[in-house]
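Undergrad: One file: coords_5.tsv (TSV, C-alpha atoms and all ligand atoms).
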```tsv
chain	number	residue	atom	x	y	z
E	20	MET	CA	-14.08	-2.69	-9.06
E	21	ILE	CA	-10.53	-1.74	-10.00
E	22	ILE	CA	-8.00	-3.01	-7.47
E	23	SER	CA	-4.90	-0.85	-7.31
E	24	VAL	CA	-1.81	-1.48	-5.21
E	25	VAL	CA	0.27	1.47	-4.03
E	26	VAL	CA	3.78	0.71	-2.81
E	27	ALA	CA	7.23	2.23	-2.44
E	28	ALA	CA	10.09	-0.24	-2.66
E	29	SER	CA	13.88	-0.19	-2.85
E	30	ASN	CA	15.91	-1.86	-5.59
E	31	GLU	CA	15.72	-5.11	-3.57
E	32	ASN	CA	11.97	-4.70	-2.99
E	33	ALA	CA	12.45	-3.67	0.65
E	34	ILE	CA	9.43	-1.78	2.00
E	35	GLY	CA	9.99	-1.39	5.74
E	36	LYS	CA	11.90	-1.86	8.95
E	37	ASP	CA	10.60	-2.03	12.55
E	38	ASN	CA	7.08	-1.34	11.24
E	39	GLN	CA	8.18	1.94	9.63
E	40	LEU	CA	9.32	3.12	6.22
E	41	LEU	CA	13.03	3.13	5.39
E	42	TRP	CA	13.18	6.60	3.82
E	43	LYS	CA	11.71	10.08	3.89
E	44	LEU	CA	10.51	11.18	0.45
E	45	PRO	CA	8.08	14.09	0.84
E	46	ASN	CA	7.20	14.07	-2.87
E	47	ASP	CA	6.18	10.44	-2.62
E	48	LEU	CA	3.88	11.26	0.30
E	49	LYS	CA	2.33	14.03	-1.81
E	50	PHE	CA	1.91	11.63	-4.74
E	51	PHE	CA	0.26	9.11	-2.40
E	52	LYS	CA	-2.07	11.73	-0.94
E	53	ASN	CA	-3.17	13.03	-4.37
E	54	LEU	CA	-3.70	9.51	-5.72
E	55	THR	CA	-5.79	8.23	-2.82
E	56	TRP	CA	-7.63	11.40	-1.74
E	57	GLY	CA	-11.40	10.83	-1.60
E	58	MET	CA	-10.96	7.12	-2.30
E	59	PRO	CA	-11.10	3.96	-0.18
E	60	ILE	CA	-7.76	2.65	1.10
E	61	LEU	CA	-7.16	-0.82	2.51
E	62	MET	CA	-4.27	-1.60	4.86
E	63	GLY	CA	-3.11	-4.41	7.14
E	64	ARG	CA	-3.42	-3.97	10.89
E	65	LYS	CA	0.35	-3.51	11.34
E	66	THR	CA	0.46	-0.73	8.74
E	67	PHE	CA	-2.50	0.90	10.49
E	68	GLU	CA	-0.48	0.85	13.72
E	69	SER	CA	2.57	2.23	11.89
E	70	ILE	CA	0.58	5.35	10.90
E	71	GLY	CA	-0.48	5.94	14.51
E	72	SER	CA	-3.67	3.81	14.65
E	73	LYS	CA	-5.63	6.74	13.19
E	74	PRO	CA	-7.41	6.92	9.83
E	75	LEU	CA	-5.80	8.96	7.07
E	76	PRO	CA	-8.04	11.99	6.52
E	77	GLY	CA	-10.19	12.48	3.44
E	78	ARG	CA	-10.40	8.78	2.61
E	79	MET	CA	-12.45	5.73	3.55
E	80	ASN	CA	-9.98	3.69	5.64
E	81	ILE	CA	-10.44	-0.08	5.84
E	82	VAL	CA	-8.16	-2.09	8.14
E	83	LEU	CA	-7.70	-5.80	7.61
E	84	THR	CA	-7.56	-7.70	10.92
E	85	ARG	CA	-8.72	-10.99	12.38
E	86	GLN	CA	-9.15	-9.31	15.76
E	87	THR	CA	-12.51	-8.04	16.87
E	88	ASN	CA	-13.07	-4.75	18.65
E	89	LEU	CA	-9.60	-3.47	17.74
E	90	PHE	CA	-11.05	0.04	17.40
E	91	ILE	CA	-14.40	1.75	17.23
E	92	GLU	CA	-15.65	2.00	13.65
E	93	THR	CA	-16.65	5.40	12.31
E	94	THR	CA	-17.82	6.73	8.94
E	95	GLN	CA	-14.09	6.98	8.02
E	96	LEU	CA	-12.70	3.82	9.62
E	97	TYR	CA	-13.81	0.22	9.09
E	98	ALA	CA	-12.45	-3.20	10.02
E	99	ALA	CA	-12.61	-6.19	7.68
E	100	ASP	CA	-11.72	-9.78	8.58
E	101	GLY	CA	-10.87	-10.77	5.01
E	102	LEU	CA	-10.13	-9.33	1.58
E	103	GLU	CA	-13.59	-10.16	0.25
E	104	LYS	CA	-15.23	-8.32	3.11
E	105	ALA	CA	-12.97	-5.31	2.48
E	106	LEU	CA	-13.82	-5.22	-1.23
E	107	ALA	CA	-17.52	-5.53	-0.41
E	108	LEU	CA	-17.33	-2.56	1.97
E	109	ALA	CA	-15.83	-0.35	-0.76
E	110	VAL	CA	-18.32	-1.54	-3.41
E	111	HIS	CA	-21.22	-1.03	-1.03
E	112	ALA	CA	-20.04	2.55	-0.42
E	113	GLY	CA	-20.27	3.13	-4.19
E	114	TYR	CA	-16.58	3.25	-5.11
E	115	LYS	CA	-15.19	2.00	-8.42
E	116	GLU	CA	-11.56	1.70	-7.30
E	117	LEU	CA	-9.87	0.50	-4.12
E	118	PHE	CA	-6.26	1.34	-3.20
E	119	ILE	CA	-4.31	-1.29	-1.31
E	120	ILE	CA	-1.61	0.48	0.66
E	121	GLY	CA	0.30	-2.31	2.44
E	122	GLY	CA	2.06	-3.88	4.17
E	123	SER	CA	3.82	-6.95	2.93
E	124	GLU	CA	1.26	-9.51	4.13
E	125	LEU	CA	-1.47	-7.63	2.36
E	126	TYR	CA	0.58	-7.09	-0.83
E	127	LYS	CA	1.22	-10.84	-1.00
E	128	GLN	CA	-2.52	-11.52	-1.04
E	129	ALA	CA	-3.57	-8.51	-3.12
E	130	ILE	CA	-1.05	-8.37	-5.98
E	131	PRO	CA	-2.43	-11.61	-7.50
E	132	LEU	CA	-5.83	-9.81	-7.67
E	133	ALA	CA	-4.57	-6.36	-8.66
E	134	ASP	CA	-5.38	-4.57	-11.91
E	135	LYS	CA	-2.80	-1.84	-11.37
E	136	ILE	CA	0.33	-1.25	-9.31
E	137	TYR	CA	1.58	2.24	-8.51
E	138	LEU	CA	5.20	1.60	-7.60
E	139	THR	CA	7.60	4.24	-6.32
E	140	ARG	CA	10.98	2.67	-6.97
E	141	VAL	CA	13.48	4.08	-4.50
E	142	ASP	CA	16.85	3.83	-6.20
E	143	ALA	CA	18.82	2.67	-3.15
E	144	SER	CA	19.60	-0.42	-1.07
E	145	PHE	CA	18.85	-0.90	2.62
E	146	SER	CA	20.76	-3.73	4.29
E	147	ASP	CA	18.76	-3.32	7.52
E	148	ALA	CA	15.31	-3.78	5.93
E	149	ASP	CA	13.08	-6.43	7.50
E	150	THR	CA	9.98	-6.30	5.28
E	151	PHE	CA	9.78	-6.90	1.53
E	152	MET	CA	7.28	-7.13	-1.29
E	153	ASP	CA	7.39	-9.82	-3.97
E	154	ALA	CA	9.00	-8.69	-7.22
E	155	ILE	CA	6.48	-7.59	-9.86
E	156	ASP	CA	6.19	-10.36	-12.46
E	157	PRO	CA	6.73	-8.77	-15.91
E	158	THR	CA	4.91	-11.68	-17.56
E	159	ILE	CA	1.75	-10.65	-15.68
E	160	PHE	CA	2.11	-6.86	-15.44
E	161	GLN	CA	3.40	-4.35	-18.01
E	162	LEU	CA	5.03	-1.01	-17.28
E	163	VAL	CA	2.81	1.71	-18.76
E	164	SER	CA	4.50	4.83	-17.39
E	165	SER	CA	7.68	5.80	-15.61
E	166	GLU	CA	8.78	9.18	-14.31
E	167	GLN	CA	12.30	9.63	-12.99
E	168	MET	CA	12.76	11.99	-10.05
E	169	PRO	CA	16.21	13.27	-9.01
E	170	LYS	CA	17.57	13.38	-5.49
E	171	ASP	CA	17.73	16.81	-3.90
E	172	GLU	CA	18.12	18.38	-0.48
E	173	LYS	CA	14.74	16.96	0.66
E	174	HIS	CA	15.11	13.57	-1.06
E	175	LEU	CA	18.22	11.59	-0.18
E	176	TYR	CA	17.76	9.11	-3.03
E	177	PRO	CA	16.58	9.33	-6.61
E	178	TYR	CA	13.25	7.59	-7.17
E	179	ARG	CA	10.85	6.76	-9.97
E	180	PHE	CA	7.06	6.80	-10.21
E	181	GLU	CA	6.06	3.69	-12.16
E	182	THR	CA	2.60	2.49	-13.18
E	183	TRP	CA	2.13	-1.18	-13.97
E	184	GLU	CA	-1.03	-2.68	-15.44
E	185	ARG	CA	-2.15	-6.27	-15.64
E	186	LYS	CA	-1.59	-7.59	-19.17
E	187	PRO	CA	-4.73	-8.64	-21.01
E	188	ALA	CA	-5.43	-12.36	-20.49
H	1	LIG	N1	6.92	0.98	1.49
H	1	LIG	C1	5.59	0.93	1.45
H	1	LIG	O1	4.97	1.34	0.46
H	1	LIG	C2	4.83	0.42	2.64
H	1	LIG	C3	3.45	0.52	2.69
H	1	LIG	C4	2.77	0.02	3.81
H	1	LIG	C5	3.50	-0.59	4.83
H	1	LIG	N2	4.84	-0.68	4.73
H	1	LIG	C6	5.63	-1.33	5.78
H	1	LIG	O2	5.21	-2.70	5.86
H	1	LIG	C7	5.41	-3.16	7.19
H	1	LIG	C8	4.12	-3.78	7.70
H	1	LIG	O3	3.81	-4.91	6.89
H	1	LIG	P1	3.45	-6.34	7.53
H	1	LIG	O4	3.47	-7.36	6.47
H	1	LIG	O5	4.32	-6.53	8.74
H	1	LIG	O6	1.96	-6.10	8.10
H	1	LIG	P2	0.58	-5.65	7.40
H	1	LIG	O7	0.41	-6.36	6.09
H	1	LIG	O8	0.46	-4.18	7.43
H	1	LIG	O9	-0.48	-6.21	8.47
H	1	LIG	C9	-0.55	-7.58	8.75
H	1	LIG	C10	-1.81	-7.83	9.55
H	1	LIG	O10	-2.97	-7.63	8.71
H	1	LIG	C11	-3.99	-8.52	9.09
H	1	LIG	N3	-4.30	-9.40	7.95
H	1	LIG	C12	-3.48	-9.73	6.90
H	1	LIG	N4	-4.16	-10.53	6.03
H	1	LIG	C13	-5.40	-10.71	6.55
H	1	LIG	C14	-6.56	-11.42	6.11
H	1	LIG	N5	-6.58	-12.11	4.95
H	1	LIG	N6	-7.68	-11.38	6.88
H	1	LIG	C15	-7.69	-10.67	8.03
H	1	LIG	N7	-6.63	-9.96	8.50
H	1	LIG	C16	-5.49	-9.99	7.76
H	1	LIG	C17	-3.49	-9.29	10.28
H	1	LIG	O11	-3.86	-8.50	11.42
H	1	LIG	P3	-4.18	-9.12	12.87
H	1	LIG	O12	-2.88	-9.68	13.36
H	1	LIG	O13	-4.69	-7.95	13.65
H	1	LIG	O14	-5.25	-10.19	12.65
H	1	LIG	C18	-1.98	-9.24	10.08
H	1	LIG	O15	-1.23	-9.43	11.29
H	1	LIG	C19	5.88	-1.91	7.98
H	1	LIG	O16	7.30	-1.91	8.03
H	1	LIG	C20	5.38	-0.76	7.16
H	1	LIG	O17	6.13	0.42	7.36
H	1	LIG	C21	5.52	-0.18	3.66
```
What does this structure look like when you write it as structure tokens?

TA:
Amino acid sequence: MIISVVVAASNENAIGKDNQLLWKLPNDLKFFKNLTWGMPILMGRKTFESIGSKPLPGRMNIVLTRQTNLFIETTQLYAADGLEKALALAVHAGYKELFIIGGSELYKQAIPLADKIYLTRVDASFSDADTFMDAIDPTIFQLVSSEQMPKDEKHLYPYRFETWERKPA
């Protein structure tokens, strides 16, 4: 199965503060929705709480947690107590790609396994950030596409949609 990471990060690789995002970029939310629609998404328990402890519609939601009985599982919402279990759930449901959507604890474990990284680079700095991702290692991943987006009245910062792929071994 293809393992894809989806992340938005500032120039310093900041991804959050107080269990929330640091910016409002409606076009990035649209990009995220289009990319993941109909697909399985995997998130850490804290990220799940940050989106209101409800599954994102139209997708198979898998939440990584070591707690039991955190929520009632449904056909849209599953708990997994480890990455392997999460991958197995998506494979068992017949999917060929899994999107790992954060947060930092999960990125740390998943990027070493990832085939692809969809990175929205927010061209700004946030001195109050409290959560970061590791920098993408250019010896392991190569940039295969990059689309620059300007700031406008709805987007306070310019940003860039980048796709990184694992280099062949
Ligand atoms: N900018 C972005 O693209 C983006 C995307 C997503 C999130 N974020 C931000 O990231 C922050 C949250 O990240 P975070 O690092 O604090 O938390 P997180 O990665 O969302 O969740 C951490 C939790 O996941 C569970 N977990 C992690 N690894 C596990 C494993 N191997 N097995 C079982 N459970 C595991 C644990 O839950 P239990 O404690 O329940 O066991 C752990 O406490 C927020 O600020 C959020 O807004 C940013």

Undergrad: Residues at most 10 Å from Pro169 in chain E, counting all atoms listed in the file, excluding those fewer than 6 positions away in the same chain, as a CSV table (one decimal) with C-alpha atoms, in the coordinates of the input?

TA:
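Result went into around28.csv, see below:
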```csv
chain,number,residue,atom,x,y,z
E,142,ASP,CA,16.8,3.8,-6.2
E,175,LEU,CA,18.2,11.6,-0.2
E,176,TYR,CA,17.8,9.1,-3.0
E,177,PRO,CA,16.6,9.3,-6.6
E,178,TYR,CA,13.2,7.6,-7.2
E,179,ARG,CA,10.8,6.8,-10.0
```

Undergrad: With ligand LIG 1 (chain H) as the partner and 8 Å as the cut-off, tabulate the residues of chain E that qualify, each row holding the nearest pair of atoms and their distance in Å to one decimal, using all atoms listed in the file, sorted by chain and rising number, as JSON lines.

TA:
```
{"residue": "E:Val25", "atom": "CA", "partner": "H:LIG1", "partner_atom": "O1", "distance": 6.5}
{"residue": "E:Val26", "atom": "CA", "partner": "H:LIG1", "partner_atom": "O1", "distance": 3.5}
{"residue": "E:Ala27", "atom": "CA", "partner": "H:LIG1", "partner_atom": "O1", "distance": 3.8}
{"residue": "E:Ala28", "atom": "CA", "partner": "H:LIG1", "partner_atom": "N1", "distance": 5.4}
{"residue": "E:Ala33", "atom": "CA", "partner": "H:LIG1", "partner_atom": "N1", "distance": 7.3}
{"residue": "E:Ile34", "atom": "CA", "partner": "H:LIG1", "partner_atom": "N1", "distance": 3.8}
{"residue": "E:Gly35", "atom": "CA", "partner": "H:LIG1", "partner_atom": "O16", "distance": 3.6}
{"residue": "E:Lys36", "atom": "CA", "partner": "H:LIG1", "partner_atom": "O16", "distance": 4.7}
{"residue": "E:Asp37", "atom": "CA", "partner": "H:LIG1", "partner_atom": "O16", "distance": 5.6}
{"residue": "E:Asn38", "atom": "CA", "partner": "H:LIG1", "partner_atom": "O16", "distance": 3.3}
{"residue": "E:Gln39", "atom": "CA", "partner": "H:LIG1", "partner_atom": "O17", "distance": 3.4}
{"residue": "E:Leu40", "atom": "CA", "partner": "H:LIG1", "partner_atom": "O17", "distance": 4.3}
{"residue": "E:Leu41", "atom": "CA", "partner": "H:LIG1", "partner_atom": "N1", "distance": 7.6}
{"residue": "E:Met62", "atom": "CA", "partner": "H:LIG1", "partner_atom": "O8", "distance": 6.0}
{"residue": "E:Gly63", "atom": "CA", "partner": "H:LIG1", "partner_atom": "O9", "distance": 3.5}
{"residue": "E:Arg64", "atom": "CA", "partner": "H:LIG1", "partner_atom": "O10", "distance": 4.3}
{"residue": "E:Lys65", "atom": "CA", "partner": "H:LIG1", "partner_atom": "O8", "distance": 4.0}
{"residue": "E:Thr66", "atom": "CA", "partner": "H:LIG1", "partner_atom": "O8", "distance": 3.7}
{"residue": "E:Phe67", "atom": "CA", "partner": "H:LIG1", "partner_atom": "O8", "distance": 6.6}
{"residue": "E:Ser69", "atom": "CA", "partner": "H:LIG1", "partner_atom": "O17", "distance": 6.0}
{"residue": "E:Val82", "atom": "CA", "partner": "H:LIG1", "partner_atom": "O10", "distance": 7.6}
{"residue": "E:Leu83", "atom": "CA", "partner": "H:LIG1", "partner_atom": "N7", "distance": 4.4}
{"residue": "E:Thr84", "atom": "CA", "partner": "H:LIG1", "partner_atom": "N7", "distance": 3.4}
{"residue": "E:Arg85", "atom": "CA", "partner": "H:LIG1", "partner_atom": "O14", "distance": 3.6}
{"residue": "E:Gln86", "atom": "CA", "partner": "H:LIG1", "partner_atom": "O14", "distance": 5.1}
{"residue": "E:Leu89", "atom": "CA", "partner": "H:LIG1", "partner_atom": "O13", "distance": 7.8}
{"residue": "E:Ala99", "atom": "CA", "partner": "H:LIG1", "partner_atom": "C15", "distance": 6.7}
{"residue": "E:Asp100", "atom": "CA", "partner": "H:LIG1", "partner_atom": "C15", "distance": 4.2}
{"residue": "E:Gly101", "atom": "CA", "partner": "H:LIG1", "partner_atom": "N6", "distance": 3.7}
{"residue": "E:Leu102", "atom": "CA", "partner": "H:LIG1", "partner_atom": "N5", "distance": 5.6}
{"residue": "E:Ile120", "atom": "CA", "partner": "H:LIG1", "partner_atom": "C4", "distance": 5.4}
{"residue": "E:Gly121", "atom": "CA", "partner": "H:LIG1", "partner_atom": "C4", "distance": 3.7}
{"residue": "E:Gly122", "atom": "CA", "partner": "H:LIG1", "partner_atom": "O3", "distance": 3.4}
{"residue": "E:Ser123", "atom": "CA", "partner": "H:LIG1", "partner_atom": "O4", "distance": 3.6}
{"residue": "E:Glu124", "atom": "CA", "partner": "H:LIG1", "partner_atom": "O7", "distance": 3.8}
{"residue": "E:Leu125", "atom": "CA", "partner": "H:LIG1", "partner_atom": "O7", "distance": 4.4}
{"residue": "E:Tyr126", "atom": "CA", "partner": "H:LIG1", "partner_atom": "O7", "distance": 7.0}
{"residue": "E:Gln128", "atom": "CA", "partner": "H:LIG1", "partner_atom": "N5", "distance": 7.3}
{"residue": "E:Thr139", "atom": "CA", "partner": "H:LIG1", "partner_atom": "O1", "distance": 7.8}
{"residue": "E:Asp149", "atom": "CA", "partner": "H:LIG1", "partner_atom": "O16", "distance": 7.4}
{"residue": "E:Thr150", "atom": "CA", "partner": "H:LIG1", "partner_atom": "O16", "distance": 5.8}
{"residue": "E:Phe151", "atom": "CA", "partner": "H:LIG1", "partner_atom": "O2", "distance": 7.6}
```

Undergrad: Go ahead and compute the interatomic distance for CA of Arg78 in chain E and CA of Thr55 in chain E, in Å to one decimal.

TA: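 These atoms are spaced 7.1 Å apart.
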
Undergrad: Determine the nearest neighbour of Pro76 in chain E from the options E:Trp56, E:Phe50, E:Tyr114, E:Phe180, counting all atoms listed in the file.

TA: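 Comparing E:Trp56, E:Phe50, E:Tyr114, E:Phe180 against Pro76 in chain E, the winner is E:Trp56.
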
Undergrad: Could you list, as a count of residues only, every residue within 9 Å of Met79 in chain E, counting all atoms listed in the file and ignoring same-chain residues fewer than 6 positions away?

TA: 10

Undergrad: Using the atoms already present, construct N, CA and C atoms for range 70-91 of chain E and hand them back as an mmCIF file, keeping the file's coordinate frame.

TA:
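Saved to rebuild-v4.cif:
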```cif
data_model
loop_
_atom_site.group_PDB
_atom_site.id
_atom_site.type_symbol
_atom_site.label_atom_id
_atom_site.label_comp_id
_atom_site.auth_asym_id
_atom_site.auth_seq_id
_atom_site.Cartn_x
_atom_site.Cartn_y
_atom_site.Cartn_z
ATOM 1 N N ILE E 70 0.969 3.949 11.183
ATOM 2 C CA ILE E 70 0.580 5.350 10.900
ATOM 3 C C ILE E 70 -0.122 5.974 12.105
ATOM 4 N N GLY E 71 0.021 5.335 13.275
ATOM 5 C CA GLY E 71 -0.480 5.940 14.510
ATOM 6 C C GLY E 71 -1.875 5.477 14.916
ATOM 7 N N SER E 72 -2.347 4.371 14.313
ATOM 8 C CA SER E 72 -3.670 3.810 14.650
ATOM 9 C C SER E 72 -4.781 4.850 14.491
ATOM 10 N N LYS E 73 -4.598 5.722 13.492
ATOM 11 C CA LYS E 73 -5.630 6.740 13.190
ATOM 12 C C LYS E 73 -5.905 6.685 11.690
ATOM 13 N N PRO E 74 -7.153 6.933 11.272
ATOM 14 C CA PRO E 74 -7.410 6.920 9.830
ATOM 15 C C PRO E 74 -6.725 8.078 9.117
ATOM 16 N N LEU E 75 -6.305 7.851 7.875
ATOM 17 C CA LEU E 75 -5.800 8.960 7.070
ATOM 18 C C LEU E 75 -6.994 9.810 6.662
ATOM 19 N N PRO E 76 -6.884 11.129 6.804
ATOM 20 C CA PRO E 76 -8.040 11.990 6.520
ATOM 21 C C PRO E 76 -8.446 11.963 5.051
ATOM 22 N N GLY E 77 -9.717 12.293 4.803
ATOM 23 C CA GLY E 77 -10.190 12.480 3.440
ATOM 24 C C GLY E 77 -10.358 11.214 2.635
ATOM 25 N N ARG E 78 -10.276 10.058 3.301
ATOM 26 C CA ARG E 78 -10.400 8.780 2.610
ATOM 27 C C ARG E 78 -11.184 7.795 3.463
ATOM 28 N N MET E 79 -11.836 6.830 2.815
ATOM 29 C CA MET E 79 -12.450 5.730 3.550
ATOM 30 C C MET E 79 -11.337 4.743 3.903
ATOM 31 N N ASN E 80 -11.060 4.572 5.195
ATOM 32 C CA ASN E 80 -9.980 3.690 5.640
ATOM 33 C C ASN E 80 -10.554 2.334 6.038
ATOM 34 N N ILE E 81 -10.028 1.269 5.455
ATOM 35 C CA ILE E 81 -10.440 -0.080 5.840
ATOM 36 C C ILE E 81 -9.192 -0.816 6.345
ATOM 37 N N VAL E 82 -9.305 -1.399 7.533
ATOM 38 C CA VAL E 82 -8.160 -2.090 8.140
ATOM 39 C C VAL E 82 -8.476 -3.583 8.168
ATOM 40 N N LEU E 83 -7.540 -4.358 7.615
ATOM 41 C CA LEU E 83 -7.700 -5.800 7.610
ATOM 42 C C LEU E 83 -7.157 -6.366 8.922
ATOM 43 N N THR E 84 -7.984 -7.100 9.652
ATOM 44 C CA THR E 84 -7.560 -7.700 10.920
ATOM 45 C C THR E 84 -8.460 -8.881 11.245
ATOM 46 N N ARG E 85 -7.895 -9.870 11.913
ATOM 47 C CA ARG E 85 -8.720 -10.990 12.380
ATOM 48 C C ARG E 85 -9.186 -10.739 13.809
ATOM 49 N N GLN E 86 -8.727 -9.645 14.395
ATOM 50 C CA GLN E 86 -9.150 -9.310 15.760
ATOM 51 C C GLN E 86 -10.500 -8.596 15.723
ATOM 52 N N THR E 87 -11.240 -8.773 16.793
ATOM 53 C CA THR E 87 -12.510 -8.040 16.870
ATOM 54 C C THR E 87 -12.332 -6.912 17.893
ATOM 55 N N ASN E 88 -13.101 -5.884 17.723
ATOM 56 C CA ASN E 88 -13.070 -4.750 18.650
ATOM 57 C C ASN E 88 -11.688 -4.118 18.806
ATOM 58 N N LEU E 89 -10.932 -4.082 17.697
ATOM 59 C CA LEU E 89 -9.600 -3.470 17.740
ATOM 60 C C LEU E 89 -9.729 -1.953 17.893
ATOM 61 N N PHE E 90 -10.776 -1.405 17.290
ATOM 62 C CA PHE E 90 -11.050 0.040 17.400
ATOM 63 C C PHE E 90 -12.532 0.243 17.161
ATOM 64 N N ILE E 91 -12.990 1.429 17.460
ATOM 65 C CA ILE E 91 -14.400 1.750 17.230
ATOM 66 C C ILE E 91 -14.559 2.228 15.789
#
```
